[in-house]
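Shown here: final-v6.cif, mmCIF, C-alpha atoms (C1' of nucleotides).
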data_protein
#
loop_
_atom_site.label_atom_id
_atom_site.label_comp_id
_atom_site.auth_asym_id
_atom_site.auth_seq_id
_atom_site.Cartn_x
_atom_site.Cartn_y
_atom_site.Cartn_z
CA MET A 1 0.00 0.00 0.00
CA LYS A 2 2.75 2.36 0.94
CA ALA A 3 4.57 1.25 -2.18
CA LEU A 4 1.80 2.69 -4.35
CA ALA A 5 1.76 6.00 -2.50
CA GLU A 6 4.68 7.23 -4.58
CA PRO A 7 3.54 8.54 -7.98
CA ARG A 8 6.78 7.50 -9.64
CA ARG A 9 6.28 3.92 -8.53
CA ARG A 10 2.78 3.93 -9.96
CA GLU A 11 4.26 5.12 -13.26
CA ILE A 12 6.87 2.37 -13.19
CA LEU A 13 4.19 -0.18 -12.46
CA ARG A 14 2.18 1.06 -15.41
CA LEU A 15 5.25 0.81 -17.64
CA VAL A 16 5.95 -2.82 -16.83
CA ARG A 17 2.30 -3.72 -16.67
CA ASP A 18 2.13 -5.05 -20.22
CA GLU A 19 5.68 -5.84 -21.24
CA GLU A 20 8.84 -7.03 -19.58
CA LEU A 21 11.44 -4.26 -19.43
CA PRO A 22 15.10 -4.06 -18.32
CA ALA A 23 16.00 -1.65 -15.55
CA GLY A 24 17.87 0.68 -17.89
CA ALA A 25 14.91 1.09 -20.23
CA ILE A 26 12.67 1.87 -17.28
CA ALA A 27 15.10 4.47 -15.98
CA GLY A 28 15.24 6.01 -19.47
CA HIS A 29 11.62 7.05 -19.15
CA PHE A 30 12.29 9.27 -16.17
CA ALA A 31 14.49 12.23 -15.35
CA VAL A 32 16.07 10.55 -12.32
CA THR A 33 19.17 8.41 -12.09
CA ARG A 34 19.23 4.64 -12.41
CA PRO A 35 19.92 3.94 -8.74
CA ALA A 36 16.73 5.75 -7.81
CA ILE A 37 14.74 3.54 -10.17
CA SER A 38 16.60 0.52 -8.86
CA GLN A 39 15.48 1.31 -5.33
CA HIS A 40 11.93 1.87 -6.48
CA LEU A 41 12.02 -1.50 -8.20
CA ARG A 42 13.24 -3.13 -5.03
CA VAL A 43 10.36 -1.61 -3.08
CA LEU A 44 7.88 -2.81 -5.67
CA LYS A 45 9.46 -6.26 -5.66
CA GLU A 46 9.31 -6.51 -1.87
CA ALA A 47 5.68 -5.44 -2.01
CA GLY A 48 4.97 -8.30 -4.39
CA LEU A 49 3.90 -5.96 -7.17
CA VAL A 50 6.60 -6.83 -9.71
CA ASP A 51 8.57 -9.92 -10.70
CA GLU A 52 12.28 -9.97 -11.48
CA ARG A 53 13.93 -12.24 -14.04
CA ARG A 54 17.64 -12.27 -14.79
CA ASP A 55 18.89 -12.49 -18.37
CA GLY A 56 22.66 -12.20 -18.54
CA THR A 57 23.75 -8.97 -16.93
CA ARG A 58 20.29 -7.48 -17.31
CA ARG A 59 17.27 -7.90 -15.09
CA LEU A 60 13.86 -7.84 -16.62
CA TYR A 61 10.90 -6.62 -14.63
CA ARG A 62 7.22 -7.18 -15.11
CA ALA A 63 4.09 -6.37 -13.10
CA ARG A 64 2.67 -9.18 -11.00
CA PRO A 65 -1.11 -9.36 -11.57
CA GLU A 66 -1.62 -11.22 -8.29
CA GLY A 67 -0.30 -8.23 -6.38
CA LEU A 68 -2.74 -5.89 -8.06
CA ALA A 69 -5.56 -8.34 -7.51
CA GLU A 70 -4.73 -8.48 -3.82
CA LEU A 71 -4.98 -4.72 -3.50
CA ARG A 72 -8.20 -4.65 -5.45
CA LEU A 73 -9.59 -7.28 -3.11
CA TYR A 74 -8.64 -5.15 -0.14
CA PHE A 75 -10.64 -2.19 -1.36
CA GLU A 76 -13.52 -4.36 -2.46
CA GLN A 77 -13.68 -5.92 0.98
CA LEU A 78 -13.50 -2.54 2.68
CA TRP A 79 -16.33 -1.25 0.58
CA ASP A 80 -18.52 -4.35 0.80
CA ASP A 81 -17.95 -4.67 4.52
CA SER A 82 -19.13 -1.13 4.86
CA LEU A 83 -22.46 -1.97 3.27
CA GLU A 84 -22.80 -5.31 5.07
CA ARG A 85 -22.02 -3.88 8.47
CA LEU A 86 -24.37 -1.01 7.96
CA LYS A 87 -27.17 -3.39 7.18
CA ALA A 88 -26.33 -5.81 9.99
CA GLU A 89 -26.08 -2.99 12.49
CA ALA A 90 -29.43 -1.58 11.48
CA GLU A 91 -31.03 -4.99 11.93
CA ALA A 92 -29.37 -5.54 15.30
CA GLU A 93 -30.52 -2.14 16.49
CA GLN A 94 -34.03 -2.96 15.37
CA ARG A 95 -33.92 -6.19 17.37
CA THR A 96 -32.67 -4.27 20.41
CA ILE A 97 -35.51 -1.84 20.16
CA ASP A 98 -37.97 -4.69 19.83
CA ALA A 99 -36.53 -6.60 22.79
CA LEU A 100 -36.14 -3.77 25.33
CA PRO A 101 -39.07 -1.41 25.05
CA PRO A 102 -38.62 0.71 28.24
CA LYS A 103 -34.75 0.82 28.36
CA PRO A 104 -33.50 4.32 27.46
CA GLY A 105 -29.72 3.80 26.99
CA GLN A 106 -27.87 1.44 24.63
CA PRO A 107 -25.63 -0.92 26.67
CA HIS A 108 -23.13 -1.85 23.92
CA LYS A 109 -21.80 0.40 21.11
CA GLU A 110 -18.49 0.56 22.96
CA HIS A 111 -15.49 1.89 20.98
CA MET B 1 -3.97 7.48 -2.52
CA LYS B 2 -1.23 9.06 -0.47
CA ALA B 3 -3.80 9.57 2.28
CA LEU B 4 -4.18 5.81 2.61
CA ALA B 5 -0.45 5.19 2.77
CA GLU B 6 -0.44 5.97 6.49
CA PRO B 7 -1.55 2.99 8.60
CA ARG B 8 -3.07 5.23 11.26
CA ARG B 9 -5.27 6.93 8.68
CA ARG B 10 -6.48 3.54 7.47
CA GLU B 11 -7.37 2.69 11.07
CA ILE B 12 -9.25 5.96 11.46
CA LEU B 13 -11.10 5.30 8.25
CA ARG B 14 -12.08 1.87 9.49
CA LEU B 15 -13.33 3.39 12.75
CA VAL B 16 -15.66 5.86 11.07
CA ARG B 17 -16.62 3.43 8.35
CA ASP B 18 -19.84 2.31 10.02
CA GLU B 19 -20.73 4.98 12.55
CA GLU B 20 -20.36 8.71 12.89
CA LEU B 21 -17.83 9.63 15.61
CA PRO B 22 -16.67 12.89 17.21
CA ALA B 23 -12.98 13.76 16.92
CA GLY B 24 -12.36 13.19 20.62
CA ALA B 25 -13.74 9.66 20.54
CA ILE B 26 -11.58 8.87 17.54
CA ALA B 27 -8.49 10.22 19.29
CA GLY B 28 -9.37 8.13 22.34
CA HIS B 29 -8.68 4.97 20.38
CA PHE B 30 -5.07 5.84 19.77
CA ALA B 31 -2.02 6.60 21.84
CA VAL B 32 -1.40 9.93 20.14
CA THR B 33 -2.67 13.40 20.98
CA ARG B 34 -5.85 14.92 19.59
CA PRO B 35 -4.13 17.43 17.32
CA ALA B 36 -2.38 14.59 15.52
CA ILE B 37 -5.72 12.92 14.87
CA SER B 38 -7.15 16.25 13.85
CA GLN B 39 -4.48 16.62 11.19
CA HIS B 40 -5.10 13.09 9.97
CA LEU B 41 -8.78 13.88 9.73
CA ARG B 42 -8.05 16.96 7.68
CA VAL B 43 -5.97 14.92 5.24
CA LEU B 44 -8.74 12.37 4.94
CA LYS B 45 -11.29 15.10 4.42
CA GLU B 46 -9.24 16.81 1.72
CA ALA B 47 -8.84 13.45 0.02
CA GLY B 48 -12.61 13.07 -0.07
CA LEU B 49 -12.52 9.96 2.10
CA VAL B 50 -14.47 11.32 5.10
CA ASP B 51 -17.28 13.78 5.65
CA GLU B 52 -17.40 16.35 8.45
CA ARG B 53 -20.57 17.54 10.19
CA ARG B 54 -20.65 20.12 12.97
CA ASP B 55 -22.86 19.59 16.01
CA GLY B 56 -22.35 22.34 18.58
CA THR B 57 -18.71 22.43 19.60
CA ARG B 58 -18.20 18.91 18.32
CA ARG B 59 -17.41 17.74 14.80
CA LEU B 60 -18.65 14.38 13.70
CA TYR B 61 -16.81 12.38 11.07
CA ARG B 62 -17.95 9.56 8.88
CA ALA B 63 -16.41 7.65 5.97
CA ARG B 64 -17.51 8.70 2.51
CA PRO B 65 -18.38 5.58 0.49
CA GLU B 66 -17.92 7.44 -2.80
CA GLY B 67 -14.26 8.01 -1.99
CA LEU B 68 -13.67 4.33 -1.35
CA ALA B 69 -15.58 3.41 -4.48
CA GLU B 70 -13.38 5.72 -6.52
CA LEU B 71 -10.23 4.06 -5.27
CA ARG B 72 -11.71 0.64 -5.86
CA LEU B 73 -12.54 1.66 -9.42
CA TYR B 74 -8.95 2.77 -9.95
CA PHE B 75 -7.56 -0.63 -9.03
CA GLU B 76 -10.25 -2.47 -10.92
CA GLN B 77 -9.39 -0.54 -14.04
CA LEU B 78 -5.69 -1.15 -13.58
CA TRP B 79 -6.31 -4.84 -13.19
CA ASP B 80 -8.76 -5.21 -16.06
CA ASP B 81 -6.53 -3.28 -18.42
CA SER B 82 -3.72 -5.60 -17.46
CA LEU B 83 -5.71 -8.67 -18.46
CA GLU B 84 -7.01 -7.12 -21.66
CA ARG B 85 -3.60 -5.99 -22.82
CA LEU B 86 -2.04 -9.33 -21.96
CA LYS B 87 -4.60 -11.13 -24.09
CA ALA B 88 -4.23 -8.68 -26.97
CA GLU B 89 -0.48 -9.04 -26.90
CA ALA B 90 -0.65 -12.82 -26.94
CA GLU B 91 -2.94 -12.72 -29.98
CA ALA B 92 -0.67 -10.26 -31.78
CA GLU B 93 2.31 -12.52 -31.15
CA GLN B 94 0.42 -15.49 -32.45
CA ARG B 95 -0.36 -13.59 -35.64
CA THR B 96 3.33 -12.72 -36.03
CA ILE B 97 4.34 -16.35 -35.72
CA ASP B 98 1.72 -17.38 -38.26
CA ALA B 99 2.83 -14.71 -40.72
CA LEU B 100 6.56 -15.52 -40.80
CA PRO B 101 7.05 -19.29 -40.97
CA PRO B 102 10.67 -19.64 -42.32
CA LYS B 103 12.28 -16.81 -40.30
CA PRO B 104 14.54 -18.26 -37.56
CA GLY B 105 14.89 -15.18 -35.35
CA GLN B 106 12.07 -13.17 -33.79
CA PRO B 107 12.15 -9.60 -35.12
CA HIS B 108 10.82 -7.95 -32.01
CA LYS B 109 11.25 -9.29 -28.46
CA GLU B 110 14.53 -7.40 -28.58
CA HIS B 111 16.99 -7.86 -25.71
"C1'" DC C 1 42.43 -13.61 -18.80
"C1'" DG C 2 41.58 -8.54 -19.32
"C1'" DA C 3 38.09 -4.97 -20.82
"C1'" DT C 4 33.59 -3.32 -21.04
"C1'" DA C 5 28.65 -3.11 -20.14
"C1'" DT C 6 24.66 -3.52 -17.17
"C1'" DT C 7 22.94 -3.43 -12.79
"C1'" DG C 8 22.69 -3.48 -7.59
"C1'" DT C 9 24.50 -1.54 -3.17
"C1'" DT C 10 26.34 1.81 0.25
"C1'" DA C 11 27.03 6.37 2.36
"C1'" DC C 12 25.40 10.72 2.50
"C1'" DT C 13 22.35 14.86 1.92
"C1'" DT C 14 17.89 16.93 1.47
"C1'" DG C 15 13.12 17.41 2.00
"C1'" DC C 16 8.79 15.97 3.59
"C1'" DC C 17 5.63 14.17 7.14
"C1'" DA C 18 3.92 12.74 11.69
"C1'" DC C 19 3.89 14.20 16.21
"C1'" DT C 20 3.89 17.45 20.29
"C1'" DT C 21 3.24 21.82 22.80
"C1'" DA C 22 1.03 26.12 23.06
"C1'" DC C 23 -2.50 29.12 21.52
"C1'" DG C 24 -6.91 30.60 19.14
"C1'" DT C 25 -11.95 29.79 18.22
"C1'" DT C 26 -16.65 28.61 18.93
"C1'" DA C 27 -20.64 26.84 21.48
"C1'" DG C 28 -23.12 25.95 25.75
"C1'" DC C 29 -24.14 27.21 30.59
"C1'" DA C 30 -24.24 29.60 35.30
"C1'" DT D 1 -20.81 38.28 30.90
"C1'" DG D 2 -17.35 35.07 32.41
"C1'" DC D 3 -16.11 30.00 32.37
"C1'" DT D 4 -15.52 25.65 30.59
"C1'" DA D 5 -15.48 22.10 26.98
"C1'" DA D 6 -14.45 20.42 22.36
"C1'" DC D 7 -12.03 21.43 18.56
"C1'" DG D 8 -8.76 23.27 15.03
"C1'" DT D 9 -4.36 25.77 13.92
"C1'" DA D 10 0.62 27.38 14.23
"C1'" DA D 11 5.35 26.59 15.13
"C1'" DG D 12 9.05 23.51 16.16
"C1'" DT D 13 11.35 18.91 16.32
"C1'" DG D 14 12.63 14.09 15.00
"C1'" DG D 15 12.64 10.48 11.83
"C1'" DC D 16 12.05 8.30 7.56
"C1'" DA D 17 12.34 8.21 2.60
"C1'" DA D 18 13.87 9.78 -2.03
"C1'" DG D 19 17.68 11.17 -4.59
"C1'" DT D 20 22.79 11.44 -5.93
"C1'" DA D 21 27.64 9.97 -6.28
"C1'" DA D 22 30.97 6.46 -5.82
"C1'" DC D 23 31.87 1.63 -5.49
"C1'" DA D 24 31.11 -3.48 -6.06
"C1'" DA D 25 29.35 -7.63 -8.53
"C1'" DT D 26 28.47 -10.36 -12.60
"C1'" DA D 27 28.24 -11.62 -17.42
"C1'" DT D 28 29.86 -11.13 -22.34
"C1'" DC D 29 33.45 -10.63 -25.76
"C1'" DG D 30 38.14 -10.06 -27.65
#

Exercise: express the given structure as structure tokens:
Amino acid sequence: MKALAEPRRREILRLVRDEELPAGAIAGHFAVTRPAISQHLRVLKEAGLVDERRDGTRRLYRARPEGLAELRLYFEQLWDDSLERLKAEAEAEQRTIDALPPKPGQPHKEH
Amino acid sequence: MKALAEPRRREILRLVRDEELPAGAIAGHFAVTRPAISQHLRVLKEAGLVDERRDGTRRLYRARPEGLAELRLYFEQLWDDSLERLKAEAEAEQRTIDALPPKPGQPHKEH
DNA sequence: CGATATTGTTACTTGCCACTTACGTTAGCA
DNA sequence: TGCTAACGTAAGTGGCAAGTAACAATATCG
């Protein structure tokens, strides 16, 4: 998640999304030095967002679809949970109201 | 996107995901001071991820589902494009192979 | 084996961000 | 009209992260 916070890393990820690219070619697309791109690639690799393959002295990078899918799932779950919980909570509250007619204060709802 | 990079902000967002909470109650869940939480809330508000509502001296915060949906859409698009492009590329390569039967070396796929 | 090319790694500097302390603001109440 | 409570805001500090320069590692070619 933190790996995607950096705009440059998102650009890199978009570059290697379709085709496998060597580190030098990736660095050629930006106005920063190769070491900077190399570090970005390491962050992306550790985050599971890109795959590295060695070919001679070069290293080819490509986006890892599973990593993207994982992030997508995270947001989907956050969103769906929001709807589900809202519904479940409304129902539970309704049951509480039905069960305790004269009680004025809600006992749970803690933190 | 950068707003979600901070773990504490993700926690805050999860807290106000279901129920509306005043700033003090939110700060009570963490070991940091209220001003820190206040700043986090401002970032989340500017990112369109939470809504603020004033009630007397208090300010109530709640997650904004549209903000989450937008982020989810971003990842979905990134993922879907990845699949589409991968398929299109595979088909294009297949056509290339079909078109040049006696050529020993692949013209593209440069390395 | 020596020379070159491609890349990663380390040490360092710079800039941003999270946090705290102190102060300002607004609403409710005696 | 004061007094308090619940916030936000401003200024300052510490730490992490991005970038650069110099160095190290590995493979290819003569």

- Message: Could you tell me, as a list in words, exactly which residues end up selected when the PyMOL selection byres ((chain B and resi 15-22) around 7) is applied to this structure?
- Response: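 With the shown file as input, the PyMOL selection byres ((chain B and resi 15-22) around 7) matches Ser82, Arg85 and Leu86 of chain A; Glu11, Ile12, Leu13, Arg14, Ala23, Gly24, Ala25, Ile26, Arg58, Arg59, Leu60, Tyr61, Arg62 and Ala63 of chain B.
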
Given all atoms listed in the file, how would the per-residue table for chain B near chain A read, listing every residue at most 8 Å away with its closest atom pair and distance in Å to one decimal, sorted by chain and number, as CSV?
residue,atom,partner,partner_atom,distance
B:Met1,CA,A:Ala5,CA,5.9
B:Lys2,CA,A:Ala5,CA,4.7
B:Leu4,CA,A:Met1,CA,7.6
B:Ala5,CA,A:Lys2,CA,4.6
B:Glu6,CA,A:Lys2,CA,7.3
B:Arg17,CA,A:Ser82,CA,6.3
B:Asp18,CA,A:Leu86,CA,6.0
B:Ala25,CA,A:His111,CA,8.0
B:His29,CA,A:His111,CA,7.5
B:Pro65,CA,A:Trp79,CA,7.1
B:Leu68,CA,A:Trp79,CA,6.5
B:Ala69,CA,A:Trp79,CA,6.9
B:Leu71,CA,A:Phe75,CA,7.4
B:Arg72,CA,A:Phe75,CA,5.4
B:Phe75,CA,A:Arg72,CA,5.4
B:Glu76,CA,A:Arg72,CA,6.2
B:Leu78,CA,A:Leu68,CA,7.9
B:Trp79,CA,A:Leu68,CA,6.3
B:Ser82,CA,A:Arg17,CA,6.4
B:Arg85,CA,A:Asp18,CA,6.4
B:Leu86,CA,A:Asp18,CA,6.2

- Message: Using the chain letters and numbers from this file, what does the PyMOL selection byres ((chain D and resi 10) around 12) select? Give the answer as number ranges by chain.
- Response: B: 35; C: 21-24; D: 8-9, 11-12

- Task: Using all atoms listed in the file, determine which residues of chain A fall within 7 Å of chain D; present them as a ChimeraX atom specification.
- Result: /A:36,56-57

- Between CA of Arg9 (chain B) and CA of Glu52 (chain B) lies a distance of 15.4 Å

- Just need the residues of chain C within 10 Å of chain A, counting all atoms listed in the file, so spit them out as a ChimeraX atom specification. /C:5-9

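The space separating CA of Gly28 (chain B) from CA of Lys45 (chain B) comes to 19.3 Å.
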
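Between CA of Thr33 (chain B) and CA of Arg8 (chain B) lies a distance of 12.7 Å.
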
If I only have part of region 59-76 of chain B, can you fill in N, CA and C atoms and write it as an mmCIF file, keeping the file's coordinate frame?
data_model
loop_
_atom_site.group_PDB
_atom_site.id
_atom_site.type_symbol
_atom_site.label_atom_id
_atom_site.label_comp_id
_atom_site.auth_asym_id
_atom_site.auth_seq_id
_atom_site.Cartn_x
_atom_site.Cartn_y
_atom_site.Cartn_z
ATOM 1 N N ARG B 59 -17.382 18.000 16.245
ATOM 2 C CA ARG B 59 -17.410 17.740 14.800
ATOM 3 C C ARG B 59 -17.441 16.239 14.609
ATOM 4 N N LEU B 60 -18.452 15.813 13.913
ATOM 5 C CA LEU B 60 -18.650 14.380 13.700
ATOM 6 C C LEU B 60 -18.112 13.981 12.335
ATOM 7 N N TYR B 61 -17.430 12.849 12.310
ATOM 8 C CA TYR B 61 -16.810 12.380 11.070
ATOM 9 C C TYR B 61 -17.386 11.025 10.679
ATOM 10 N N ARG B 62 -17.470 10.840 9.388
ATOM 11 C CA ARG B 62 -17.950 9.560 8.880
ATOM 12 C C ARG B 62 -17.273 9.291 7.542
ATOM 13 N N ALA B 63 -17.038 8.004 7.242
ATOM 14 C CA ALA B 63 -16.410 7.650 5.970
ATOM 15 C C ALA B 63 -17.337 7.998 4.815
ATOM 16 N N ARG B 64 -16.737 8.336 3.688
ATOM 17 C CA ARG B 64 -17.510 8.700 2.510
ATOM 18 C C ARG B 64 -17.390 7.553 1.497
ATOM 19 N N PRO B 65 -18.455 6.769 1.351
ATOM 20 C CA PRO B 65 -18.380 5.580 0.490
ATOM 21 C C PRO B 65 -17.953 5.916 -0.935
ATOM 22 N N GLU B 66 -18.307 7.098 -1.425
ATOM 23 C CA GLU B 66 -17.920 7.440 -2.800
ATOM 24 C C GLU B 66 -16.406 7.480 -2.953
ATOM 25 N N GLY B 67 -15.713 7.969 -1.920
ATOM 26 C CA GLY B 67 -14.260 8.010 -1.990
ATOM 27 C C GLY B 67 -13.672 6.621 -2.099
ATOM 28 N N LEU B 68 -14.167 5.703 -1.285
ATOM 29 C CA LEU B 68 -13.670 4.330 -1.350
ATOM 30 C C LEU B 68 -13.991 3.714 -2.702
ATOM 31 N N ALA B 69 -15.188 3.982 -3.199
ATOM 32 C CA ALA B 69 -15.580 3.410 -4.480
ATOM 33 C C ALA B 69 -14.662 3.902 -5.592
ATOM 34 N N GLU B 70 -14.269 5.157 -5.491
ATOM 35 C CA GLU B 70 -13.380 5.720 -6.520
ATOM 36 C C GLU B 70 -12.048 4.989 -6.546
ATOM 37 N N LEU B 71 -11.503 4.772 -5.341
ATOM 38 C CA LEU B 71 -10.230 4.060 -5.270
ATOM 39 C C LEU B 71 -10.380 2.631 -5.789
ATOM 40 N N ARG B 72 -11.482 2.013 -5.403
ATOM 41 C CA ARG B 72 -11.710 0.640 -5.860
ATOM 42 C C ARG B 72 -11.756 0.607 -7.380
ATOM 43 N N LEU B 73 -12.417 1.598 -7.966
ATOM 44 C CA LEU B 73 -12.540 1.660 -9.420
ATOM 45 C C LEU B 73 -11.153 1.781 -10.052
ATOM 46 N N TYR B 74 -10.301 2.579 -9.420
ATOM 47 C CA TYR B 74 -8.950 2.770 -9.950
ATOM 48 C C TYR B 74 -8.226 1.433 -10.074
ATOM 49 N N PHE B 75 -8.260 0.650 -9.003
ATOM 50 C CA PHE B 75 -7.560 -0.630 -9.030
ATOM 51 C C PHE B 75 -8.221 -1.606 -9.984
ATOM 52 N N GLU B 76 -9.542 -1.570 -10.020
ATOM 53 C CA GLU B 76 -10.250 -2.470 -10.920
ATOM 54 C C GLU B 76 -9.827 -2.200 -12.355
#
